[in-house]
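Below is model-v2.cif, holding mmCIF, C-alpha atoms and all ligand atoms.
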```
data_model
#
loop_
_atom_site.label_atom_id
_atom_site.label_comp_id
_atom_site.auth_asym_id
_atom_site.auth_seq_id
_atom_site.Cartn_x
_atom_site.Cartn_y
_atom_site.Cartn_z
CA MET O 1 55.88 -62.95 16.79
CA HIS O 2 52.30 -62.90 18.00
CA ARG O 3 50.16 -59.93 17.12
CA ILE O 4 47.69 -58.62 19.68
CA LEU O 5 44.98 -56.01 19.18
CA VAL O 6 43.90 -53.97 22.19
CA VAL O 7 40.48 -52.28 21.93
CA GLU O 8 40.05 -49.93 24.87
CA ASP O 9 38.79 -46.35 25.23
CA GLU O 10 40.57 -45.47 28.46
CA GLN O 11 43.83 -43.91 27.35
CA ALA O 12 45.85 -44.86 30.42
CA MET O 13 44.70 -48.47 30.25
CA LEU O 14 45.23 -48.67 26.50
CA LEU O 15 48.76 -47.31 26.54
CA GLY O 16 49.67 -49.25 29.68
CA LEU O 17 48.58 -52.51 28.06
CA ARG O 18 50.37 -51.67 24.84
CA ASP O 19 53.66 -50.90 26.60
CA ASN O 20 53.52 -53.99 28.78
CA LEU O 21 52.60 -56.30 25.92
CA GLU O 22 55.36 -54.86 23.74
CA PHE O 23 57.77 -55.34 26.61
CA GLU O 24 56.72 -59.02 26.66
CA GLY O 25 57.64 -59.30 23.00
CA TYR O 26 54.22 -59.01 21.37
CA GLN O 27 53.46 -56.86 18.37
CA VAL O 28 50.59 -54.59 19.45
CA ASP O 29 47.90 -52.71 17.53
CA ILE O 30 45.44 -50.43 19.27
CA ALA O 31 41.92 -49.16 18.69
CA GLU O 32 40.22 -46.53 20.87
CA ASP O 33 36.59 -47.14 20.01
CA GLY O 34 34.28 -49.98 19.09
CA ALA O 35 33.80 -49.15 15.43
CA LYS O 36 37.51 -48.94 14.76
CA GLY O 37 38.13 -52.07 16.83
CA TYR O 38 35.53 -54.00 14.84
CA ASP O 39 37.12 -53.00 11.53
CA MET O 40 40.58 -53.90 12.77
CA ILE O 41 39.51 -57.31 14.07
CA ARG O 42 37.95 -58.11 10.69
CA ASN O 43 40.78 -56.79 8.59
CA GLY O 44 43.81 -57.36 10.76
CA ASN O 45 45.63 -60.60 11.11
CA HIS O 46 45.68 -60.77 14.88
CA ASP O 47 46.46 -63.79 17.03
CA LEU O 48 44.42 -62.44 19.93
CA VAL O 49 42.20 -59.50 20.85
CA LEU O 50 41.85 -57.77 24.22
CA LEU O 51 38.39 -56.26 24.02
CA ASP O 52 36.92 -53.77 26.47
CA VAL O 53 33.14 -54.10 26.95
CA MET O 54 32.03 -50.47 27.38
CA LEU O 55 33.23 -48.71 24.26
CA PRO O 56 32.05 -45.73 22.20
CA PHE O 57 30.05 -46.54 19.03
CA MET O 58 29.92 -50.30 19.49
CA SER O 59 30.15 -52.39 22.67
CA GLY O 60 32.57 -55.26 23.14
CA PHE O 61 29.60 -57.63 23.24
CA ASP O 62 28.22 -56.37 19.94
CA ILE O 63 31.65 -56.67 18.34
CA CYS O 64 32.04 -60.20 19.65
CA ARG O 65 28.64 -61.30 18.45
CA LYS O 66 29.08 -59.68 15.08
CA ILE O 67 32.52 -61.02 14.22
CA ARG O 68 31.66 -64.53 15.38
CA SER O 69 28.56 -64.53 13.19
CA GLU O 70 30.84 -63.52 10.33
CA GLY O 71 33.06 -66.51 10.95
CA VAL O 72 36.04 -64.70 12.48
CA THR O 73 37.63 -67.07 14.99
CA THR O 74 40.38 -64.85 16.46
CA PRO O 75 40.60 -65.53 20.22
CA ILE O 76 39.09 -62.77 22.35
CA ILE O 77 39.65 -61.87 26.00
CA LEU O 78 36.93 -59.50 27.21
CA LEU O 79 37.94 -56.79 29.65
CA THR O 80 34.90 -56.23 31.87
CA ALA O 81 34.23 -53.76 34.65
CA LYS O 82 33.31 -54.86 38.16
CA GLY O 83 29.60 -55.51 38.49
CA GLU O 84 29.19 -56.83 34.95
CA GLU O 85 28.66 -60.35 36.35
CA ILE O 86 25.76 -61.34 34.12
CA ASP O 87 27.42 -59.68 31.22
CA LYS O 88 30.47 -61.85 31.75
CA VAL O 89 28.57 -65.06 31.19
CA LEU O 90 26.79 -63.51 28.28
CA GLY O 91 30.14 -62.45 26.89
CA LEU O 92 31.41 -66.01 26.89
CA GLU O 93 28.23 -67.20 25.23
CA LEU O 94 28.83 -64.61 22.56
CA GLY O 95 32.00 -66.39 21.59
CA ALA O 96 34.68 -64.78 23.76
CA ASP O 97 37.44 -67.13 24.90
CA ASP O 98 38.04 -65.64 28.33
CA TYR O 99 37.45 -62.52 30.38
CA MET O 100 39.28 -60.41 32.94
CA THR O 101 37.52 -58.19 35.44
CA LYS O 102 39.06 -54.76 35.98
CA PRO O 103 41.17 -54.05 37.89
CA PHE O 104 43.18 -57.16 37.01
CA SER O 105 46.76 -58.06 37.61
CA LEU O 106 49.01 -57.78 34.61
CA ARG O 107 50.67 -61.04 35.54
CA GLU O 108 47.35 -62.88 35.37
CA LEU O 109 46.41 -61.28 32.08
CA LEU O 110 49.75 -62.31 30.57
CA ALA O 111 49.25 -65.88 31.83
CA ARG O 112 45.82 -66.06 30.20
CA ILE O 113 47.13 -64.62 26.95
CA LYS O 114 49.90 -67.22 26.89
CA ALA O 115 47.43 -70.03 27.65
CA ILE O 116 45.10 -69.02 24.83
CA LEU O 117 47.91 -68.58 22.32
CA ARG O 118 49.33 -71.97 23.31
CA ARG O 119 45.91 -73.54 22.88
CA SER O 120 45.42 -72.09 19.42
CA ASN O 121 48.96 -73.14 18.40
CA ASN O 122 48.31 -76.69 19.55
CA ASN O 123 44.96 -76.99 17.86
CA ASN O 124 46.30 -78.47 14.67
CA ILE O 125 47.94 -81.40 16.43
CA ILE O 126 44.83 -82.62 18.25
CA LEU O 127 44.08 -85.78 16.33
CA ASP O 128 41.74 -87.76 18.54
CA GLU O 129 38.71 -85.57 17.83
CA THR O 130 39.30 -85.48 14.11
CA LEU O 131 36.57 -86.84 11.88
CA ILE O 132 36.81 -87.59 8.23
CA ILE O 133 33.88 -86.25 6.23
CA GLY O 134 34.29 -86.57 2.48
CA ASN O 135 37.41 -84.74 1.36
CA ILE O 136 38.21 -83.16 4.69
CA GLU O 137 39.42 -83.94 8.17
CA VAL O 138 37.37 -81.87 10.55
CA ASN O 139 37.63 -81.07 14.23
CA PHE O 140 34.46 -79.52 15.59
CA SER O 141 35.98 -78.69 18.96
CA ASN O 142 38.41 -76.16 17.53
CA TYR O 143 36.65 -75.27 14.28
CA GLU O 144 39.43 -76.50 12.04
CA ALA O 145 39.34 -78.50 8.86
CA TYR O 146 42.08 -79.83 6.64
CA CYS O 147 42.18 -81.15 3.12
CA ASN O 148 45.44 -82.87 2.09
CA GLU O 149 47.15 -81.25 5.09
CA GLN O 150 46.05 -77.81 3.90
CA LYS O 151 43.83 -75.78 6.20
CA VAL O 152 40.36 -75.34 4.74
CA LYS O 153 38.73 -71.93 5.06
CA MET O 154 35.34 -72.41 6.70
CA SER O 155 33.22 -69.93 8.62
CA HIS O 156 31.84 -70.59 12.09
CA LYS O 157 28.36 -71.06 10.64
CA GLU O 158 29.59 -73.51 8.01
CA PHE O 159 31.14 -75.59 10.79
CA GLU O 160 27.92 -75.42 12.77
CA VAL O 161 25.79 -76.52 9.83
CA LEU O 162 28.16 -79.40 9.13
CA HIS O 163 28.28 -80.29 12.83
CA PHE O 164 24.49 -80.42 13.05
CA LEU O 165 24.28 -82.62 9.96
CA TRP O 166 27.01 -84.86 11.39
CA ASP O 167 25.21 -85.20 14.72
CA HIS O 168 22.11 -86.27 12.77
CA ARG O 169 23.95 -88.27 10.13
CA ASN O 170 22.03 -90.78 8.11
CA LYS O 171 18.81 -89.00 9.06
CA VAL O 172 16.91 -86.40 7.11
CA VAL O 173 17.28 -82.89 8.49
CA SER O 174 14.81 -80.24 7.35
CA ARG O 175 15.78 -76.68 6.49
CA ASP O 176 13.69 -75.46 9.43
CA GLU O 177 15.56 -77.73 11.85
CA LEU O 178 18.85 -76.35 10.58
CA LEU O 179 17.61 -72.77 10.84
CA ASP O 180 16.31 -73.25 14.38
CA ASN O 181 19.38 -75.04 15.65
CA VAL O 182 22.15 -73.19 13.89
CA TRP O 183 20.78 -69.68 13.49
CA GLY O 184 18.40 -69.67 16.43
CA THR O 185 14.97 -68.19 16.73
CA ASP O 186 15.92 -64.52 17.09
CA TYR O 187 17.60 -64.39 13.68
CA VAL O 188 15.56 -65.62 10.78
CA PRO O 189 17.31 -65.98 7.45
CA SER O 190 15.45 -67.34 4.45
CA SER O 191 15.57 -71.00 3.54
CA ARG O 192 17.78 -69.93 0.61
CA THR O 193 20.41 -69.24 3.27
CA VAL O 194 20.47 -72.92 4.19
CA ASP O 195 20.73 -73.96 0.56
CA ASN O 196 23.64 -71.59 0.04
CA PHE O 197 25.46 -73.04 3.04
CA ILE O 198 24.87 -76.58 1.79
CA LEU O 199 26.28 -75.56 -1.58
CA LYS O 200 29.38 -74.13 0.09
CA LEU O 201 29.84 -77.27 2.20
CA ARG O 202 29.49 -79.51 -0.84
CA GLN O 203 32.17 -77.54 -2.64
CA ILE O 204 34.43 -78.26 0.31
CA ILE O 205 33.69 -81.90 1.05
CA GLU O 206 32.25 -83.51 -2.09
CA LYS O 207 34.32 -84.94 -4.92
CA ASP O 208 31.68 -83.85 -7.42
CA THR O 209 29.21 -81.16 -6.36
CA ASN O 210 26.85 -82.14 -9.19
CA GLU O 211 26.65 -85.69 -7.85
CA PRO O 212 26.86 -85.28 -4.08
CA THR O 213 27.32 -88.51 -2.17
CA ILE O 214 27.83 -87.14 1.34
CA ILE O 215 25.30 -84.37 1.80
CA ILE O 216 22.40 -85.49 -0.30
CA THR O 217 19.18 -83.64 -1.02
CA VAL O 218 15.97 -85.32 0.05
CA HIS O 219 13.49 -83.59 -2.20
CA GLY O 220 10.69 -81.76 -0.46
CA VAL O 221 12.16 -82.50 2.96
CA GLY O 222 15.73 -81.36 3.45
CA TYR O 223 19.20 -82.85 3.57
CA LYS O 224 20.91 -85.98 4.79
CA LEU O 225 24.56 -86.50 5.62
CA ILE O 226 25.56 -90.04 4.69
CA ASN O 227 28.21 -91.77 6.71
CA CA U 301 35.59 -48.65 28.49
#
```
For the structure just supplied, provide its representation as structure tokens.
Amino acid sequence: MHRILVVEDEQAMLLGLRDNLEFEGYQVDIAEDGAKGYDMIRNGNHDLVLLDVMLPFMSGFDICRKIRSEGVTTPIILLTAKGEEIDKVLGLELGADDYMTKPFSLRELLARIKAILRRSNNNNIILDETLIIGNIEVNFSNYEAYCNEQKVKMSHKEFEVLHFLWDHRNKVVSRDELLDNVWGTDYVPSSRTVDNFILKLRQIIEKDTNEPTIIITVHGVGYKLIN
């Protein structure tokens, strides 16, 4: 049974969604404010989140941005109010999977939920976009990696770092290039951050992390993914 979390501060909407989703056979958890919703998304094992934008304590956008930066990949449908046109686009850029503008039809919401759940169920049988990098088979389009048919736990950022290195394979990539392209200019972590991510990636893909053969260090310059 699929588990859905509804984060919504309007009581009538919250309870209406819960009842209808339960009627459709979903297991439903609810949160009435942003802070609680954020905690539940991080801790709960949900297959999908319906996330209102205007919420007490923490907006739907902030929640989206925050959990994606923490590597949580749970699909999210944003519930926006009319007139939040720009916000909609922004919401999708923040890592939401879809959005519905209130008032929406229940039938359409259910169709979108089904489509997203079907997509995430099918993800592990998409083979044509699978690349082999060291020990793992990786699919950058759905952020999934497997090692000996076992799913590998990797955060969004780890995928992005690996993806950037892959796109620039056999070339030297500096720490600054990685920082600019993966973290962006508004968030500035230290160059230690990059080194820590490389270490994590090596533990995942290299046979021997002491003698890396795939992501090699180019001293004084940066890193190079060999393929
Ligand atoms: Ca609201």
Check: Using only C-alpha atoms, which residues sit within 8 Å of Tyr143 in chain O once same-chain residues fewer than 4 positions away are excluded, as a ChimeraX atom specification?
Finding: /O:138-139,156,159
Write the residues of the preceding selection, restricted to C-alpha atoms, as an mmCIF file, in the frame of the given file.
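File result-v5.cif, as written:
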```cif
data_model
loop_
_atom_site.group_PDB
_atom_site.id
_atom_site.type_symbol
_atom_site.label_atom_id
_atom_site.label_comp_id
_atom_site.auth_asym_id
_atom_site.auth_seq_id
_atom_site.Cartn_x
_atom_site.Cartn_y
_atom_site.Cartn_z
ATOM 1 C CA VAL O 138 37.370 -81.870 10.550
ATOM 2 C CA ASN O 139 37.630 -81.070 14.230
ATOM 3 C CA HIS O 156 31.840 -70.590 12.090
ATOM 4 C CA PHE O 159 31.140 -75.590 10.790
#
```
Using 6 Å as the limit and counting all atoms listed in the file, can you tabulate each residue of chain O that touches ligand CA 301 (chain U), with its shortest atom-to-atom distance in Å and the two atoms involved, as JSON lines?
```
{"residue": "O:Glu8", "atom": "CA", "partner": "U:CA301", "partner_atom": "CA", "distance": 5.9}
{"residue": "O:Asp9", "atom": "CA", "partner": "U:CA301", "partner_atom": "CA", "distance": 5.1}
{"residue": "O:Glu10", "atom": "CA", "partner": "U:CA301", "partner_atom": "CA", "distance": 5.9}
{"residue": "O:Asp52", "atom": "CA", "partner": "U:CA301", "partner_atom": "CA", "distance": 5.7}
{"residue": "O:Met54", "atom": "CA", "partner": "U:CA301", "partner_atom": "CA", "distance": 4.1}
{"residue": "O:Leu55", "atom": "CA", "partner": "U:CA301", "partner_atom": "CA", "distance": 4.8}
```
Expected file: the selected residues, C-alpha atoms, as a PDB file, in the coordinates of the input:
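Generated file (out21.pdb):
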```
ATOM      1  CA  GLU O   8      40.050 -49.930  24.870  1.00  0.00           C
ATOM      2  CA  ASP O   9      38.790 -46.350  25.230  1.00  0.00           C
ATOM      3  CA  GLU O  10      40.570 -45.470  28.460  1.00  0.00           C
ATOM      4  CA  ASP O  52      36.920 -53.770  26.470  1.00  0.00           C
ATOM      5  CA  MET O  54      32.030 -50.470  27.380  1.00  0.00           C
ATOM      6  CA  LEU O  55      33.230 -48.710  24.260  1.00  0.00           C
TER       7      LEU O  55
END
```
Exercise for the section: List the neighbours of range 108-120 of chain O out to 12 Å using only C-alpha atoms; skip same-chain residues closer than 5 positions along the sequence, and give me the result as JSON, numbers by chain. Expected result: {"O": [1, 2, 3, 4, 5, 17, 20, 21, 22, 23, 24, 25, 26, 46, 47, 48, 49, 50, 73, 74, 75, 76, 77, 78, 79, 96, 97, 98, 99, 100, 101, 102, 103, 125, 126, 141, 142, 143, 144]}
Could you write out the selected residues, including C-alpha atoms, as a PDB file, keeping the file's coordinate frame?
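Writing done, so here's out.pdb:
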```pdb
ATOM      1  CA  MET O   1      55.880 -62.950  16.790  1.00  0.00           C
ATOM      2  CA  HIS O   2      52.300 -62.900  18.000  1.00  0.00           C
ATOM      3  CA  ARG O   3      50.160 -59.930  17.120  1.00  0.00           C
ATOM      4  CA  ILE O   4      47.690 -58.620  19.680  1.00  0.00           C
ATOM      5  CA  LEU O   5      44.980 -56.010  19.180  1.00  0.00           C
ATOM      6  CA  LEU O  17      48.580 -52.510  28.060  1.00  0.00           C
ATOM      7  CA  ASN O  20      53.520 -53.990  28.780  1.00  0.00           C
ATOM      8  CA  LEU O  21      52.600 -56.300  25.920  1.00  0.00           C
ATOM      9  CA  GLU O  22      55.360 -54.860  23.740  1.00  0.00           C
ATOM     10  CA  PHE O  23      57.770 -55.340  26.610  1.00  0.00           C
ATOM     11  CA  GLU O  24      56.720 -59.020  26.660  1.00  0.00           C
ATOM     12  CA  GLY O  25      57.640 -59.300  23.000  1.00  0.00           C
ATOM     13  CA  TYR O  26      54.220 -59.010  21.370  1.00  0.00           C
ATOM     14  CA  HIS O  46      45.680 -60.770  14.880  1.00  0.00           C
ATOM     15  CA  ASP O  47      46.460 -63.790  17.030  1.00  0.00           C
ATOM     16  CA  LEU O  48      44.420 -62.440  19.930  1.00  0.00           C
ATOM     17  CA  VAL O  49      42.200 -59.500  20.850  1.00  0.00           C
ATOM     18  CA  LEU O  50      41.850 -57.770  24.220  1.00  0.00           C
ATOM     19  CA  THR O  73      37.630 -67.070  14.990  1.00  0.00           C
ATOM     20  CA  THR O  74      40.380 -64.850  16.460  1.00  0.00           C
ATOM     21  CA  PRO O  75      40.600 -65.530  20.220  1.00  0.00           C
ATOM     22  CA  ILE O  76      39.090 -62.770  22.350  1.00  0.00           C
ATOM     23  CA  ILE O  77      39.650 -61.870  26.000  1.00  0.00           C
ATOM     24  CA  LEU O  78      36.930 -59.500  27.210  1.00  0.00           C
ATOM     25  CA  LEU O  79      37.940 -56.790  29.650  1.00  0.00           C
ATOM     26  CA  ALA O  96      34.680 -64.780  23.760  1.00  0.00           C
ATOM     27  CA  ASP O  97      37.440 -67.130  24.900  1.00  0.00           C
ATOM     28  CA  ASP O  98      38.040 -65.640  28.330  1.00  0.00           C
ATOM     29  CA  TYR O  99      37.450 -62.520  30.380  1.00  0.00           C
ATOM     30  CA  MET O 100      39.280 -60.410  32.940  1.00  0.00           C
ATOM     31  CA  THR O 101      37.520 -58.190  35.440  1.00  0.00           C
ATOM     32  CA  LYS O 102      39.060 -54.760  35.980  1.00  0.00           C
ATOM     33  CA  PRO O 103      41.170 -54.050  37.890  1.00  0.00           C
ATOM     34  CA  ILE O 125      47.940 -81.400  16.430  1.00  0.00           C
ATOM     35  CA  ILE O 126      44.830 -82.620  18.250  1.00  0.00           C
ATOM     36  CA  SER O 141      35.980 -78.690  18.960  1.00  0.00           C
ATOM     37  CA  ASN O 142      38.410 -76.160  17.530  1.00  0.00           C
ATOM     38  CA  TYR O 143      36.650 -75.270  14.280  1.00  0.00           C
ATOM     39  CA  GLU O 144      39.430 -76.500  12.040  1.00  0.00           C
TER      40      GLU O 144
END
```
message = Residues near Gly71 in chain O, anyone? I mean within 10 Å using all atoms listed in the file, not counting same-chain ones fewer than 6 positions away, as a PyMOL selection string.
response = chain O and resi 42+153-159
Min atom-atom distance to Asp29 in chain O from the set O:Leu165, O:Val172, O:Leu15, O:Leu179, counting only C-alpha atoms, belongs to O:Leu15
Could you write range 46-57 of chain O as a PDB file, keeping the file's coordinate frame, with all heavy atoms rebuilt where they are missing?
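Now in selection-v7.pdb:
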```pdb
ATOM      1  N   HIS O  46      45.235 -60.720  13.492  1.00  0.00           N
ATOM      2  CA  HIS O  46      45.680 -60.770  14.880  1.00  0.00           C
ATOM      3  C   HIS O  46      45.581 -62.184  15.458  1.00  0.00           C
ATOM      4  O   HIS O  46      44.718 -62.953  15.076  1.00  0.00           O
ATOM      5  CB  HIS O  46      44.855 -59.794  15.726  1.00  0.00           C
ATOM      6  CG  HIS O  46      45.014 -58.371  15.290  1.00  0.00           C
ATOM      7  ND1 HIS O  46      44.077 -57.706  14.536  1.00  0.00           N
ATOM      8  CD2 HIS O  46      46.045 -57.513  15.460  1.00  0.00           C
ATOM      9  CE1 HIS O  46      44.516 -56.480  14.269  1.00  0.00           C
ATOM     10  NE2 HIS O  46      45.706 -56.350  14.813  1.00  0.00           N
ATOM     11  N   ASP O  47      46.486 -62.479  16.371  1.00  0.00           N
ATOM     12  CA  ASP O  47      46.460 -63.790  17.030  1.00  0.00           C
ATOM     13  C   ASP O  47      45.533 -63.770  18.235  1.00  0.00           C
ATOM     14  O   ASP O  47      45.089 -64.819  18.699  1.00  0.00           O
ATOM     15  CB  ASP O  47      47.866 -64.179  17.469  1.00  0.00           C
ATOM     16  CG  ASP O  47      48.791 -64.312  16.276  1.00  0.00           C
ATOM     17  OD1 ASP O  47      48.544 -65.199  15.452  1.00  0.00           O
ATOM     18  OD2 ASP O  47      49.724 -63.493  16.145  1.00  0.00           O
ATOM     19  N   LEU O  48      45.264 -62.561  18.737  1.00  0.00           N
ATOM     20  CA  LEU O  48      44.420 -62.440  19.930  1.00  0.00           C
ATOM     21  C   LEU O  48      43.939 -60.996  20.052  1.00  0.00           C
ATOM     22  O   LEU O  48      44.619 -60.075  19.618  1.00  0.00           O
ATOM     23  CB  LEU O  48      45.243 -62.830  21.158  1.00  0.00           C
ATOM     24  CG  LEU O  48      44.519 -62.960  22.497  1.00  0.00           C
ATOM     25  CD1 LEU O  48      45.050 -64.187  23.251  1.00  0.00           C
ATOM     26  CD2 LEU O  48      44.744 -61.742  23.383  1.00  0.00           C
ATOM     27  N   VAL O  49      42.745 -60.837  20.646  1.00  0.00           N
ATOM     28  CA  VAL O  49      42.200 -59.500  20.850  1.00  0.00           C
ATOM     29  C   VAL O  49      41.860 -59.305  22.329  1.00  0.00           C
ATOM     30  O   VAL O  49      41.218 -60.167  22.930  1.00  0.00           O
ATOM     31  CB  VAL O  49      40.907 -59.272  20.023  1.00  0.00           C
ATOM     32  CG1 VAL O  49      40.361 -57.858  20.238  1.00  0.00           C
ATOM     33  CG2 VAL O  49      41.164 -59.514  18.540  1.00  0.00           C
ATOM     34  N   LEU O  50      42.315 -58.187  22.897  1.00  0.00           N
ATOM     35  CA  LEU O  50      41.850 -57.770  24.220  1.00  0.00           C
ATOM     36  C   LEU O  50      40.758 -56.750  23.974  1.00  0.00           C
ATOM     37  O   LEU O  50      41.007 -55.706  23.364  1.00  0.00           O
ATOM     38  CB  LEU O  50      42.990 -57.133  25.035  1.00  0.00           C
ATOM     39  CG  LEU O  50      44.176 -58.034  25.377  1.00  0.00           C
ATOM     40  CD1 LEU O  50      45.188 -57.253  26.211  1.00  0.00           C
ATOM     41  CD2 LEU O  50      43.727 -59.270  26.136  1.00  0.00           C
ATOM     42  N   LEU O  51      39.551 -57.055  24.413  1.00  0.00           N
ATOM     43  CA  LEU O  51      38.390 -56.260  24.020  1.00  0.00           C
ATOM     44  C   LEU O  51      37.638 -55.727  25.231  1.00  0.00           C
ATOM     45  O   LEU O  51      37.043 -56.500  25.988  1.00  0.00           O
ATOM     46  CB  LEU O  51      37.476 -57.141  23.147  1.00  0.00           C
ATOM     47  CG  LEU O  51      36.210 -56.540  22.571  1.00  0.00           C
ATOM     48  CD1 LEU O  51      36.515 -55.358  21.662  1.00  0.00           C
ATOM     49  CD2 LEU O  51      35.440 -57.608  21.792  1.00  0.00           C
ATOM     50  N   ASP O  52      37.681 -54.418  25.408  1.00  0.00           N
ATOM     51  CA  ASP O  52      36.920 -53.770  26.470  1.00  0.00           C
ATOM     52  C   ASP O  52      35.427 -53.918  26.157  1.00  0.00           C
ATOM     53  O   ASP O  52      35.039 -54.027  24.986  1.00  0.00           O
ATOM     54  CB  ASP O  52      37.328 -52.285  26.518  1.00  0.00           C
ATOM     55  CG  ASP O  52      36.670 -51.556  27.687  1.00  0.00           C
ATOM     56  OD1 ASP O  52      36.406 -52.195  28.716  1.00  0.00           O
ATOM     57  OD2 ASP O  52      36.444 -50.337  27.551  1.00  0.00           O
ATOM     58  N   VAL O  53      34.579 -53.927  27.200  1.00  0.00           N
ATOM     59  CA  VAL O  53      33.140 -54.100  26.950  1.00  0.00           C
ATOM     60  C   VAL O  53      32.464 -52.755  26.672  1.00  0.00           C
ATOM     61  O   VAL O  53      31.772 -52.577  25.677  1.00  0.00           O
ATOM     62  CB  VAL O  53      32.453 -54.814  28.136  1.00  0.00           C
ATOM     63  CG1 VAL O  53      30.943 -54.807  27.954  1.00  0.00           C
ATOM     64  CG2 VAL O  53      32.950 -56.253  28.233  1.00  0.00           C
ATOM     65  N   MET O  54      32.666 -51.776  27.571  1.00  0.00           N
ATOM     66  CA  MET O  54      32.030 -50.470  27.380  1.00  0.00           C
ATOM     67  C   MET O  54      32.901 -49.613  26.474  1.00  0.00           C
ATOM     68  O   MET O  54      33.941 -49.123  26.896  1.00  0.00           O
ATOM     69  CB  MET O  54      31.845 -49.779  28.732  1.00  0.00           C
ATOM     70  CG  MET O  54      30.868 -50.516  29.650  1.00  0.00           C
ATOM     71  SD  MET O  54      29.208 -50.637  28.955  1.00  0.00           S
ATOM     72  CE  MET O  54      28.692 -48.926  29.121  1.00  0.00           C
ATOM     73  N   LEU O  55      32.456 -49.460  25.246  1.00  0.00           N
ATOM     74  CA  LEU O  55      33.230 -48.710  24.260  1.00  0.00           C
ATOM     75  C   LEU O  55      32.327 -47.752  23.507  1.00  0.00           C
ATOM     76  O   LEU O  55      31.143 -48.027  23.331  1.00  0.00           O
ATOM     77  CB  LEU O  55      33.829 -49.680  23.223  1.00  0.00           C
ATOM     78  CG  LEU O  55      34.955 -50.613  23.651  1.00  0.00           C
ATOM     79  CD1 LEU O  55      35.126 -51.716  22.611  1.00  0.00           C
ATOM     80  CD2 LEU O  55      36.265 -49.839  23.809  1.00  0.00           C
ATOM     81  N   PRO O  56      32.866 -46.611  23.046  1.00  0.00           N
ATOM     82  CA  PRO O  56      32.050 -45.730  22.200  1.00  0.00           C
ATOM     83  C   PRO O  56      31.703 -46.415  20.877  1.00  0.00           C
ATOM     84  O   PRO O  56      32.484 -47.218  20.385  1.00  0.00           O
ATOM     85  CB  PRO O  56      32.977 -44.532  21.936  1.00  0.00           C
ATOM     86  CG  PRO O  56      34.104 -44.657  22.895  1.00  0.00           C
ATOM     87  CD  PRO O  56      34.226 -46.097  23.257  1.00  0.00           C
ATOM     88  N   PHE O  57      30.554 -46.108  20.345  1.00  0.00           N
ATOM     89  CA  PHE O  57      30.050 -46.540  19.030  1.00  0.00           C
ATOM     90  C   PHE O  57      29.582 -47.995  18.959  1.00  0.00           C
ATOM     91  O   PHE O  57      28.593 -48.313  18.320  1.00  0.00           O
ATOM     92  CB  PHE O  57      31.061 -46.293  17.901  1.00  0.00           C
ATOM     93  CG  PHE O  57      31.524 -44.869  17.823  1.00  0.00           C
ATOM     94  CD1 PHE O  57      32.881 -44.560  17.886  1.00  0.00           C
ATOM     95  CD2 PHE O  57      30.604 -43.830  17.730  1.00  0.00           C
ATOM     96  CE1 PHE O  57      33.300 -43.237  17.826  1.00  0.00           C
ATOM     97  CE2 PHE O  57      31.017 -42.511  17.675  1.00  0.00           C
ATOM     98  CZ  PHE O  57      32.364 -42.220  17.726  1.00  0.00           C
TER      99      PHE O  57
END
```
